[in-house]
Structures are given as structure tokens and as C-alpha cells.
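Here's upload07.tsv, which has TSV, C-alpha atoms:
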```
chain	number	residue	atom	x	y	z
Q	48	MET	CA	0.00	0.00	0.00
Q	49	LYS	CA	1.22	3.48	-0.83
Q	50	THR	CA	1.58	5.85	2.09
Q	51	PHE	CA	1.77	9.63	2.12
Q	52	LYS	CA	3.09	12.29	4.41
Q	53	LYS	CA	0.43	14.94	4.86
Q	54	ASP	CA	1.32	18.54	5.65
Q	55	HIS	CA	-1.62	20.93	6.00
Q	56	SER	CA	0.35	23.89	7.38
Q	57	ARG	CA	-0.33	27.29	5.85
Q	58	SER	CA	3.25	28.49	6.17
Q	59	GLY	CA	6.41	28.10	4.16
Q	60	ARG	CA	7.99	29.42	0.97
Q	61	ILE	CA	6.65	28.16	-2.34
Q	62	LEU	CA	8.29	28.57	-5.74
Q	63	VAL	CA	5.69	28.79	-8.51
Q	64	THR	CA	7.11	28.78	-12.03
Q	65	GLY	CA	4.95	30.24	-14.77
Q	66	ALA	CA	3.53	32.69	-12.23
Q	67	ALA	CA	2.31	35.09	-14.92
Q	68	GLY	CA	0.60	32.28	-16.79
Q	69	PHE	CA	-3.03	31.23	-16.57
Q	70	ILE	CA	-2.79	28.46	-13.97
Q	71	GLY	CA	0.26	29.95	-12.28
Q	72	PHE	CA	-1.48	33.26	-11.64
Q	73	HIS	CA	-4.52	31.63	-10.06
Q	74	LEU	CA	-2.35	29.32	-7.94
Q	75	CYS	CA	-0.20	32.21	-6.68
Q	76	ARG	CA	-3.28	34.19	-5.69
Q	77	ARG	CA	-4.72	31.22	-3.79
Q	78	LEU	CA	-1.43	30.51	-2.00
Q	79	LEU	CA	-0.99	34.17	-1.08
Q	80	ASP	CA	-4.53	34.29	0.31
Q	81	ASP	CA	-3.72	31.15	2.31
Q	82	GLY	CA	-0.72	32.85	3.90
Q	83	TYR	CA	2.20	31.25	2.10
Q	84	ASP	CA	5.28	33.20	1.00
Q	85	VAL	CA	5.37	32.88	-2.77
Q	86	ILE	CA	8.22	33.47	-5.19
Q	87	GLY	CA	6.77	33.61	-8.68
Q	88	LEU	CA	9.05	32.98	-11.66
Q	89	ASP	CA	8.25	33.78	-15.29
Q	90	ASN	CA	10.17	34.80	-18.41
Q	91	LEU	CA	7.23	36.84	-19.78
Q	92	ASN	CA	7.78	35.54	-23.30
Q	93	SER	CA	5.70	36.72	-26.25
Q	94	TYR	CA	3.91	33.44	-27.06
Q	95	TYR	CA	0.77	35.48	-26.43
Q	96	ASP	CA	0.08	39.09	-25.44
Q	97	VAL	CA	2.51	40.06	-22.68
Q	98	ARG	CA	0.02	42.69	-21.47
Q	99	LEU	CA	-2.19	39.89	-20.18
Q	100	LYS	CA	0.72	38.37	-18.25
Q	101	GLU	CA	1.62	41.77	-16.82
Q	102	ALA	CA	-1.99	42.40	-15.83
Q	103	ARG	CA	-2.02	39.12	-13.91
Q	104	LEU	CA	1.21	40.07	-12.16
Q	105	ASP	CA	-0.22	43.48	-11.27
Q	106	ARG	CA	-2.81	41.64	-9.17
Q	107	LEU	CA	-0.14	39.66	-7.31
Q	108	LYS	CA	2.47	42.34	-6.63
Q	109	PRO	CA	0.45	44.19	-3.94
Q	110	PHE	CA	0.75	41.14	-1.66
Q	111	ASP	CA	3.54	41.59	0.89
Q	112	ASN	CA	4.24	37.85	0.75
Q	113	PHE	CA	4.85	37.81	-3.03
Q	114	ARG	CA	8.10	38.33	-4.90
Q	115	PHE	CA	8.43	38.17	-8.68
Q	116	VAL	CA	11.56	36.83	-10.38
Q	117	HIS	CA	11.95	37.55	-14.11
Q	118	LEU	CA	13.98	34.55	-15.26
Q	119	ASP	CA	14.05	31.97	-18.03
Q	120	LEU	CA	14.05	28.32	-16.98
Q	121	SER	CA	16.81	27.54	-19.48
Q	122	ASP	CA	19.16	30.05	-17.79
Q	123	ARG	CA	21.24	27.52	-15.89
Q	124	ASP	CA	23.27	30.02	-13.88
Q	125	GLY	CA	20.21	32.04	-12.98
Q	126	MET	CA	18.31	28.95	-11.86
Q	127	GLU	CA	21.25	27.73	-9.79
Q	128	SER	CA	21.42	31.12	-8.07
Q	129	LEU	CA	17.68	31.13	-7.38
Q	130	PHE	CA	17.83	27.79	-5.57
Q	131	ALA	CA	21.07	28.74	-3.80
Q	132	ASP	CA	19.55	31.97	-2.47
Q	133	HIS	CA	16.26	30.51	-1.23
Q	134	ARG	CA	15.07	27.48	0.65
Q	135	PHE	CA	11.79	26.28	-0.84
Q	136	ASP	CA	9.31	24.17	1.10
Q	137	ARG	CA	7.55	23.29	-2.15
Q	138	VAL	CA	8.20	23.82	-5.85
Q	139	VAL	CA	5.16	23.90	-8.13
Q	140	HIS	CA	6.48	23.85	-11.66
Q	141	LEU	CA	3.88	25.13	-14.13
Q	142	ALA	CA	6.06	27.02	-16.61
Q	143	ALA	CA	6.34	25.46	-20.06
Q	144	GLN	CA	6.13	26.25	-23.71
Q	145	ALA	CA	2.48	25.44	-24.27
Q	146	GLY	CA	0.42	24.64	-27.34
Q	147	VAL	CA	0.15	21.52	-29.48
Q	148	ARG	CA	-0.01	23.24	-32.87
Q	149	TYR	CA	2.76	25.73	-32.05
Q	150	SER	CA	5.08	22.77	-31.46
Q	151	LEU	CA	4.78	21.86	-35.15
Q	152	GLU	CA	6.26	25.22	-36.13
Q	153	ASN	CA	8.68	25.98	-33.29
Q	154	PRO	CA	10.07	22.70	-31.94
Q	155	HIS	CA	13.23	24.20	-30.44
Q	156	ALA	CA	11.19	26.38	-28.06
Q	157	TYR	CA	9.83	23.19	-26.49
Q	158	VAL	CA	13.27	21.65	-26.07
Q	159	GLU	CA	14.66	24.77	-24.37
Q	160	SER	CA	11.75	25.32	-21.99
Q	161	ASN	CA	10.21	21.90	-21.42
Q	162	LEU	CA	13.37	19.78	-21.41
Q	163	VAL	CA	16.39	21.97	-20.61
Q	164	GLY	CA	14.29	24.09	-18.25
Q	165	PHE	CA	12.94	21.04	-16.46
Q	166	VAL	CA	16.43	19.63	-15.88
Q	167	ASN	CA	17.30	22.93	-14.21
Q	168	ILE	CA	14.23	22.59	-11.98
Q	169	LEU	CA	15.16	19.02	-11.05
Q	170	GLU	CA	18.75	19.98	-10.30
Q	171	GLY	CA	17.56	22.89	-8.18
Q	172	CYS	CA	15.27	20.60	-6.20
Q	173	ARG	CA	18.07	18.07	-5.79
Q	174	HIS	CA	20.70	20.46	-4.50
Q	175	GLY	CA	18.18	22.56	-2.59
Q	176	LYS	CA	16.74	19.45	-0.90
Q	177	VAL	CA	13.19	20.49	-1.76
Q	178	PRO	CA	10.69	18.32	0.18
Q	179	HIS	CA	8.19	18.04	-2.71
Q	180	LEU	CA	8.20	18.90	-6.42
Q	181	VAL	CA	4.79	19.17	-8.06
Q	182	PHE	CA	4.95	19.59	-11.83
Q	183	ALA	CA	2.47	20.10	-14.63
Q	184	SER	CA	2.07	17.34	-17.16
Q	185	SER	CA	-0.81	17.20	-19.64
Q	186	SER	CA	-3.67	15.06	-20.89
Q	187	SER	CA	-1.85	15.18	-24.25
Q	188	VAL	CA	0.49	12.41	-23.02
Q	189	TYR	CA	-2.30	9.91	-23.69
Q	190	GLY	CA	-1.70	10.51	-27.40
Q	191	ALA	CA	-2.96	7.61	-29.49
Q	192	ASN	CA	-4.66	5.90	-26.51
Q	193	THR	CA	-8.33	5.18	-27.14
Q	194	MET	CA	-9.38	3.29	-23.99
Q	195	MET	CA	-11.64	5.65	-22.03
Q	196	PRO	CA	-11.53	7.10	-19.49
Q	197	PHE	CA	-7.80	7.81	-19.52
Q	198	SER	CA	-6.19	6.35	-16.41
Q	199	VAL	CA	-2.82	7.12	-14.84
Q	200	HIS	CA	-2.39	3.35	-14.71
Q	201	HIS	CA	-2.45	3.10	-18.53
Q	202	ASN	CA	0.70	3.02	-20.62
Q	203	VAL	CA	1.33	6.34	-22.44
Q	204	ASP	CA	4.11	5.64	-24.92
Q	205	HIS	CA	2.50	6.94	-28.12
Q	206	PRO	CA	2.42	10.78	-28.13
Q	207	VAL	CA	1.17	12.47	-31.30
Q	208	SER	CA	2.83	15.89	-30.85
Q	209	LEU	CA	6.21	17.15	-29.71
Q	210	TYR	CA	4.48	19.03	-26.89
Q	211	ALA	CA	3.04	15.75	-25.61
Q	212	ALA	CA	6.41	14.04	-25.97
Q	213	THR	CA	8.10	16.72	-23.84
Q	214	LYS	CA	5.46	16.30	-21.14
Q	215	LYS	CA	5.95	12.53	-21.12
Q	216	ALA	CA	9.70	13.18	-20.96
Q	217	ASN	CA	9.13	15.37	-17.90
Q	218	GLU	CA	7.37	12.51	-16.16
Q	219	LEU	CA	10.26	10.15	-16.95
Q	220	MET	CA	12.89	12.68	-15.87
Q	221	ALA	CA	11.07	13.34	-12.59
Q	222	HIS	CA	10.82	9.62	-11.93
Q	223	ALA	CA	14.56	9.21	-12.48
Q	224	TYR	CA	15.32	11.95	-9.94
Q	225	ALA	CA	12.81	10.49	-7.48
Q	226	ALA	CA	14.52	7.11	-7.81
Q	227	LEU	CA	18.11	8.39	-7.74
Q	228	TYR	CA	17.87	11.13	-5.13
Q	229	GLU	CA	14.62	10.33	-3.30
Q	230	ILE	CA	13.07	13.65	-4.30
Q	231	PRO	CA	9.28	13.29	-3.84
Q	232	CYS	CA	7.72	14.19	-7.20
Q	233	THR	CA	4.08	14.45	-8.23
Q	234	GLY	CA	3.02	14.97	-11.84
Q	235	LEU	CA	-0.37	16.47	-12.71
Q	236	ARG	CA	-2.01	15.74	-16.04
Q	237	PHE	CA	-4.29	18.73	-16.64
Q	238	PHE	CA	-7.32	18.33	-18.91
Q	239	THR	CA	-8.39	21.36	-21.05
Q	240	VAL	CA	-8.33	24.10	-18.43
Q	241	TYR	CA	-10.59	27.15	-18.93
Q	242	GLY	CA	-11.84	30.14	-16.98
Q	243	PRO	CA	-11.19	33.84	-16.24
Q	244	TRP	CA	-7.71	35.16	-17.07
Q	245	GLY	CA	-7.28	32.26	-19.50
Q	246	ARG	CA	-4.95	32.06	-22.48
Q	247	PRO	CA	-6.05	33.95	-25.62
Q	248	ASP	CA	-4.84	31.12	-27.87
Q	249	MET	CA	-7.32	28.64	-26.40
Q	250	ALA	CA	-10.75	27.80	-27.80
Q	251	LEU	CA	-13.01	29.61	-25.32
Q	252	PHE	CA	-11.10	32.89	-25.65
Q	253	LEU	CA	-10.89	32.60	-29.45
Q	254	PHE	CA	-14.55	31.68	-29.87
Q	255	THR	CA	-15.81	34.43	-27.56
Q	256	ASP	CA	-13.76	37.09	-29.31
Q	257	ALA	CA	-14.87	35.95	-32.78
Q	258	ILE	CA	-18.56	35.65	-31.91
Q	259	LEU	CA	-18.67	39.11	-30.34
Q	260	ARG	CA	-16.99	40.59	-33.42
Q	261	GLY	CA	-19.24	38.70	-35.85
Q	262	VAL	CA	-16.32	36.72	-37.26
Q	263	PRO	CA	-16.69	33.01	-38.20
Q	264	ILE	CA	-15.10	30.50	-35.82
Q	265	ASP	CA	-12.99	27.55	-36.97
Q	266	VAL	CA	-14.48	24.31	-35.66
Q	267	TYR	CA	-12.14	21.37	-36.13
Q	268	ASN	CA	-13.28	17.79	-36.68
Q	269	ARG	CA	-16.64	19.40	-37.46
Q	270	GLY	CA	-17.27	19.86	-33.76
Q	271	LYS	CA	-17.26	16.14	-33.00
Q	272	MET	CA	-14.20	16.22	-30.75
Q	273	LYS	CA	-14.81	15.68	-27.06
Q	274	ARG	CA	-12.86	17.40	-24.31
Q	275	ASP	CA	-12.87	17.04	-20.55
Q	276	PHE	CA	-13.18	20.81	-19.95
Q	277	THR	CA	-11.93	21.60	-16.43
Q	278	TYR	CA	-12.62	24.89	-14.66
Q	279	ILE	CA	-9.66	26.77	-13.23
Q	280	ASP	CA	-10.91	26.86	-9.61
Q	281	ASP	CA	-11.17	23.05	-9.61
Q	282	ILE	CA	-7.64	22.83	-10.98
Q	283	ILE	CA	-6.29	25.09	-8.23
Q	284	GLU	CA	-8.09	23.26	-5.42
Q	285	SER	CA	-6.61	20.01	-6.70
Q	286	VAL	CA	-3.08	21.42	-6.93
Q	287	VAL	CA	-3.18	22.86	-3.40
Q	288	ARG	CA	-4.37	19.57	-1.95
Q	289	VAL	CA	-1.79	17.53	-3.85
Q	290	MET	CA	0.97	19.97	-2.93
Q	291	ASN	CA	0.68	18.97	0.71
Q	292	LEU	CA	0.38	15.24	0.04
Q	293	ILE	CA	3.97	14.07	-0.28
Q	294	PRO	CA	4.30	10.75	-2.12
Q	295	ALA	CA	6.20	7.81	-0.66
Q	296	SER	CA	7.27	4.50	-2.12
Q	297	ASP	CA	4.56	2.02	-3.07
Q	298	VAL	CA	5.63	-1.17	-1.31
Q	299	ASN	CA	3.32	-3.21	-3.56
Q	300	TRP	CA	4.88	-1.93	-6.78
Q	301	SER	CA	6.25	-4.75	-8.90
Q	302	GLY	CA	8.81	-4.60	-11.69
Q	303	ASP	CA	7.17	-7.71	-13.17
Q	304	ARG	CA	3.91	-5.80	-13.58
Q	305	PRO	CA	4.98	-2.14	-13.53
Q	306	ASP	CA	2.20	0.35	-12.77
Q	307	PRO	CA	2.84	3.64	-14.65
Q	308	GLY	CA	0.83	5.64	-12.12
Q	309	THR	CA	2.95	4.87	-9.08
Q	310	SER	CA	6.42	3.58	-8.26
Q	311	PHE	CA	8.94	2.05	-5.89
Q	312	ALA	CA	10.26	5.63	-5.74
Q	313	PRO	CA	8.50	8.58	-4.04
Q	314	TYR	CA	6.61	9.42	-7.22
Q	315	LYS	CA	2.94	9.77	-8.19
Q	316	ILE	CA	0.87	10.85	-11.19
Q	317	TYR	CA	-2.67	12.28	-11.06
Q	318	ASN	CA	-5.22	13.19	-13.70
Q	319	ILE	CA	-6.95	16.49	-12.99
Q	320	GLY	CA	-10.04	16.67	-15.16
Q	321	ASN	CA	-13.77	17.11	-14.88
Q	322	ASN	CA	-14.47	13.39	-15.50
Q	323	ASN	CA	-17.23	14.46	-17.91
Q	324	PRO	CA	-16.22	14.89	-21.57
Q	325	VAL	CA	-18.27	17.38	-23.58
Q	326	GLU	CA	-18.58	17.47	-27.36
Q	327	LEU	CA	-17.05	20.61	-28.81
Q	328	MET	CA	-20.30	21.52	-30.58
Q	329	ARG	CA	-22.19	21.41	-27.29
Q	330	PHE	CA	-19.50	23.59	-25.72
Q	331	ILE	CA	-20.03	26.12	-28.52
Q	332	GLU	CA	-23.81	25.98	-28.14
Q	333	THR	CA	-23.45	26.70	-24.40
Q	334	LEU	CA	-21.25	29.68	-25.25
Q	335	GLU	CA	-23.82	30.90	-27.80
Q	336	ASP	CA	-26.61	30.60	-25.24
Q	337	THR	CA	-24.58	32.53	-22.66
Q	338	LEU	CA	-23.72	35.32	-25.09
Q	339	GLY	CA	-27.15	35.33	-26.72
Q	340	ILE	CA	-25.46	35.27	-30.16
Q	341	LYS	CA	-25.25	32.51	-32.74
Q	342	ALA	CA	-21.80	31.77	-34.16
Q	343	GLU	CA	-21.00	31.42	-37.82
Q	344	LYS	CA	-18.98	28.23	-38.07
Q	345	ASN	CA	-16.26	27.03	-40.45
Q	346	LEU	CA	-16.44	23.25	-40.13
Q	347	LEU	CA	-12.95	21.87	-40.71
Q	348	PRO	CA	-11.12	18.52	-40.45
Q	349	MET	CA	-9.10	17.62	-37.38
Q	350	GLN	CA	-5.65	19.20	-37.21
Q	351	PRO	CA	-2.34	17.32	-36.93
Q	352	GLY	CA	-1.42	16.62	-33.31
Q	353	ASP	CA	-5.02	16.73	-32.06
Q	354	VAL	CA	-6.85	13.75	-30.57
Q	355	PRO	CA	-10.58	13.01	-30.99
Q	356	ALA	CA	-11.42	12.81	-27.28
Q	357	THR	CA	-10.11	13.22	-23.74
Q	358	PHE	CA	-11.75	11.81	-20.62
Q	359	ALA	CA	-10.07	11.79	-17.21
Q	360	ASP	CA	-10.30	8.97	-14.72
Q	361	VAL	CA	-9.87	10.86	-11.44
Q	362	ASP	CA	-10.39	8.00	-8.99
Q	363	ASP	CA	-6.85	8.25	-7.62
Q	364	LEU	CA	-7.16	12.00	-7.08
Q	365	SER	CA	-10.53	11.65	-5.36
Q	366	GLN	CA	-9.33	8.81	-3.14
Q	367	ASP	CA	-6.07	10.47	-2.09
Q	368	VAL	CA	-7.10	14.11	-1.61
Q	369	GLY	CA	-10.87	13.87	-1.11
Q	370	PHE	CA	-11.73	16.16	-4.02
Q	371	LYS	CA	-12.48	16.00	-7.72
Q	372	PRO	CA	-13.36	18.70	-10.26
Q	373	SER	CA	-17.09	19.12	-10.89
Q	374	MET	CA	-17.83	22.59	-12.33
Q	375	PRO	CA	-20.57	22.34	-15.03
Q	376	ILE	CA	-19.60	24.05	-18.29
Q	377	GLU	CA	-22.75	26.20	-18.12
Q	378	GLU	CA	-21.54	27.88	-14.94
Q	379	GLY	CA	-17.87	27.88	-15.92
Q	380	ILE	CA	-18.55	29.58	-19.26
Q	381	LYS	CA	-20.82	32.10	-17.54
Q	382	ARG	CA	-18.01	33.06	-15.15
Q	383	PHE	CA	-15.56	33.38	-18.04
Q	384	ILE	CA	-17.91	35.67	-19.96
Q	385	MET	CA	-18.40	37.87	-16.90
Q	386	TRP	CA	-14.63	38.33	-16.76
Q	387	TYR	CA	-14.21	38.70	-20.51
Q	388	THR	CA	-16.72	41.50	-20.88
Q	389	GLN	CA	-14.63	43.53	-18.43
Q	390	TRP	CA	-11.08	42.51	-19.38
Q	391	GLY	CA	-10.66	39.91	-22.07
Q	392	ASN	CA	-11.09	41.89	-25.27
Q	393	ILE	CA	-8.31	44.26	-24.17
Q	394	PHE	CA	-5.71	41.51	-24.36
Q	395	HIS	CA	-6.70	39.66	-27.51
Q	396	ASN	CA	-4.10	39.89	-30.27
```
Would you mind writing the file's structure down as C-alpha cells?
Amino acid sequence: MKTFKKDHSRSGRILVTGAAGFIGFHLCRRLLDDGYDVIGLDNLNSYYDVRLKEARLDRLKPFDNFRFVHLDLSDRDGMESLFADHRFDRVVHLAAQAGVRYSLENPHAYVESNLVGFVNILEGCRHGKVPHLVFASSSSVYGANTMMPFSVHHNVDHPVSLYAATKKANELMAHAYAALYEIPCTGLRFFTVYGPWGRPDMALFLFTDAILRGVPIDVYNRGKMKRDFTYIDDIIESVVRVMNLIPASDVNWSGDRPDPGTSFAPYKIYNIGNNNPVELMRFIETLEDTLGIKAEKNLLPMQPGDVPATFADVDDLSQDVGFKPSMPIEEGIKRFIMWYTQWGNIFHN
């Protein structure tokens, strides 16, 4: 049986990478509200409108217990100095070069951030003796898998994009460090995250902007794709709970029948998804109903690197932390639109 060390204290210093990003911003705000000291790292790259990243940071900087570090993960000397200068009680690594389609055009960006950068994180945790590394993986690691729902106990050796391959590589690299240096590591496979302050390159932001401007929206696979849309607040609640659940060795793990979701090392993987896949066309219809405007749709084939469906098995998450995402898309989209009407159109490229 796998055992965990639970730590529910509301004190300590947390490093959050990708602090100006969508998930990173929301996590920092939650941790700051909870009383943690937070050091937020980001390189503020131009993958999407930097003004949105700066606006997120502007809402974190007034906190006395927040410090921002402008640094690139691939800067080895800078990362070594960061870990040498600070003792971190937790590292939550969310920074990455995101986007499946962008990886087809700019592969080297993924190597520098998602591979080189992650080695620097692992080395920092090793030499800094960090008690727990929590890192973002992705539902994209399931790749060509078709058995639903996707389980952390399934093999995931067939990625269909470079982005997915780098995320799988992160899981393998973390496992190696957990095995070699006994660094407790937990990987989180996020499923299609959406909500206020979201990324402008993602579907909900793109669709909302286009519909409000009367521009046709591109609907891939003719809207028949299914996604396990997961609201940002559910993501953050899951991360905070996992952060304080430090994995230990699974004494029942067997090399004869290796379980990908756990290990003889202090290592664990969780899916974080809504456990309720929604067809893209229904998602669009809910958005139309919320806006009170019908969208003009360009029905297109599926793009390279995409998968037809995602569906998260969250039994392990629910069992271990006593929580699972559950926000209905009707309410989640409503909350996004409330934010967007005030802020979102300012930041769209």
C-alpha cells in the first residue's frame, strides 16, 4: 500500500514557475490568500500578449508575501542562483512552452523550456533538498490511446505531438530523480483548463472574441471532438491539496507488472479533469446561449497533433485528496464571460 506524508500547514515558501501564466497566476493568488510566502518565476515571453501576463502580475504584486523573479528556466546560472539563495518548502512547476499546434512550427522552443528548463528545476530541487516537487504534465500524453476514461495506470508511450512528448519526458525525468535522489515528485495531467484570465490562444477565448466581433469561428473535426473541460478553480483546489500530500514509495509496486501511475520511488501521477467529456459543438452551443449570439462556423477537419477525445479517470485523485473537479460548463462559461466583458477583449491579439 502506498503511504503519504500529509502537511496541512499554511506556512512556508513556495516557488511557482509560470507565475504570470493562466494556472500559475490563479495558484499564486490562492497561496498568497492562504498565507504562504510565494516566489513567482516567469520569463514573460511573447507566445501570447505580454500585457495579459503583466496584468495578472499586477494583481499579485500588492501582496507583501509575493516576490516576482523575471527569469528563463533555461538560464542555468540564474536557476542555480535562485535555488542557492532561497530554501523552498515546495516547488510547483507550471512554466512550459504550451500549445500543441505551435510545437509543429517551433520545436526548439519546447526543447529549451520543457526539457532543458525542467532539468534545471530538477537539479535545483536536488541540491536545494526540496521536500516536494509538483509539476504540470498534460492530458496530451495519452496521445494515441483510445481506452476511455484515460487512467494514470495506462501506458502512455505513443504521443502524437512534440508538446506531448516533452510532457511525457518530464514525467520520466522526474521519476529518475525520485529514484536516484529520493526527491518526492508528483506529476499532474491537466485536462483542457478554462476560466477567467485564460490564455487567448485557447478555444473559449478565441470563440468568444470571434462571436462578439461577428467573425466566423474555426471548428475542427466538425465539432465532434470531445474534451474534458476543467474549470480553473477546480484545478487550483486540486493542486493545493496535492501539494501537501507528499508521495512515498509504493511497497506493492512490482517490476514484473509495472504500474505507470505509481512507483517504488516517491513518485505519483494524477489526472486532474472534470471526469465528464463534452462534445465541442455542445460547448459552442453553451457559449452561444450565454452570449445570446449565434456563431457562424467554419467546419474543418481535425488538425495534426489533435486527438478526438479526452476523458479523465480521477479515482486516484478523489481517493487520495478527497476532491475531484465538478464545475458544469454552463456555470464555468458564464463566469468566463463575466470576466471577458470587463477585461478579455483588451488583451486579444
Between Q:Leu99, Q:Cys172, Q:Ala356, Q:Val139, which is the closest to Q:Ile86 once you count all atoms listed in the file? Q:Val139
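For Q:Met328, the residues within 7 Å (counting all atoms listed in the file, excluding itself and residues fewer than 3 positions away along the chain) are Gly270, Lys271, Ile331 and Glu332 of chain Q.
Note that atom CA of Q:Asp297 and atom CA of Q:Phe311 are 5.2 Å apart.
Reported to one decimal place, the separation of atom CA of Q:Arg103 from atom CA of Q:Arg60 is 20.4 Å.
Remark: for Q:Glu127, the closest of the candidate residues Q:Asn167, Q:Asn90, Q:Asn161, Q:Ser301 is Q:Asn167 (distances computed over only C-alpha atoms).
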May I ask which of the residues Q:Leu334, Q:Gly164, Q:Ala211, Q:Tyr267 is the closest one to Q:Asp124, counting all atoms listed in the file? Q:Gly164
Mind rebuilding stretch 76-89 of chain Q with N, CA, C and O atoms and writing that out as a short mmCIF file (atom, residue, chain, number, x, y, z; two decimals), keeping the file's coordinate frame?
```
data_model
loop_
_atom_site.label_atom_id
_atom_site.label_comp_id
_atom_site.auth_asym_id
_atom_site.auth_seq_id
_atom_site.Cartn_x
_atom_site.Cartn_y
_atom_site.Cartn_z
N ARG Q 76 -2.28 33.42 -6.44
CA ARG Q 76 -3.28 34.19 -5.69
C ARG Q 76 -3.88 33.36 -4.56
O ARG Q 76 -4.08 33.87 -3.44
N ARG Q 77 -4.17 32.10 -4.83
CA ARG Q 77 -4.72 31.22 -3.79
C ARG Q 77 -3.70 31.02 -2.66
O ARG Q 77 -4.05 31.10 -1.47
N LEU Q 78 -2.45 30.75 -3.02
CA LEU Q 78 -1.43 30.51 -2.00
C LEU Q 78 -1.17 31.76 -1.16
O LEU Q 78 -0.97 31.67 0.06
N LEU Q 79 -1.18 32.92 -1.81
CA LEU Q 79 -0.99 34.17 -1.08
C LEU Q 79 -2.14 34.41 -0.11
O LEU Q 79 -1.93 34.82 1.04
N ASP Q 80 -3.36 34.16 -0.57
CA ASP Q 80 -4.53 34.29 0.31
C ASP Q 80 -4.44 33.33 1.49
O ASP Q 80 -4.91 33.64 2.60
N ASP Q 81 -3.83 32.16 1.25
CA ASP Q 81 -3.72 31.15 2.31
C ASP Q 81 -2.58 31.44 3.27
O ASP Q 81 -2.42 30.72 4.27
N GLY Q 82 -1.76 32.45 2.97
CA GLY Q 82 -0.72 32.85 3.90
C GLY Q 82 0.68 32.36 3.59
O GLY Q 82 1.61 32.59 4.38
N TYR Q 83 0.87 31.70 2.47
CA TYR Q 83 2.20 31.25 2.10
C TYR Q 83 3.04 32.43 1.58
O TYR Q 83 2.51 33.40 1.05
N ASP Q 84 4.36 32.31 1.71
CA ASP Q 84 5.28 33.20 1.00
C ASP Q 84 5.51 32.60 -0.38
O ASP Q 84 5.87 31.41 -0.49
N VAL Q 85 5.30 33.39 -1.41
CA VAL Q 85 5.37 32.88 -2.77
C VAL Q 85 6.42 33.65 -3.56
O VAL Q 85 6.42 34.88 -3.60
N ILE Q 86 7.32 32.89 -4.18
CA ILE Q 86 8.22 33.47 -5.19
C ILE Q 86 7.72 32.98 -6.53
O ILE Q 86 7.65 31.78 -6.80
N GLY Q 87 7.32 33.93 -7.38
CA GLY Q 87 6.77 33.61 -8.68
C GLY Q 87 7.79 33.88 -9.78
O GLY Q 87 8.31 34.98 -9.89
N LEU Q 88 8.07 32.87 -10.57
CA LEU Q 88 9.05 32.98 -11.66
C LEU Q 88 8.34 32.96 -13.00
O LEU Q 88 7.40 32.18 -13.20
N ASP Q 89 8.78 33.80 -13.92
CA ASP Q 89 8.25 33.78 -15.29
C ASP Q 89 9.24 34.52 -16.19
O ASP Q 89 9.92 35.45 -15.75
#
```
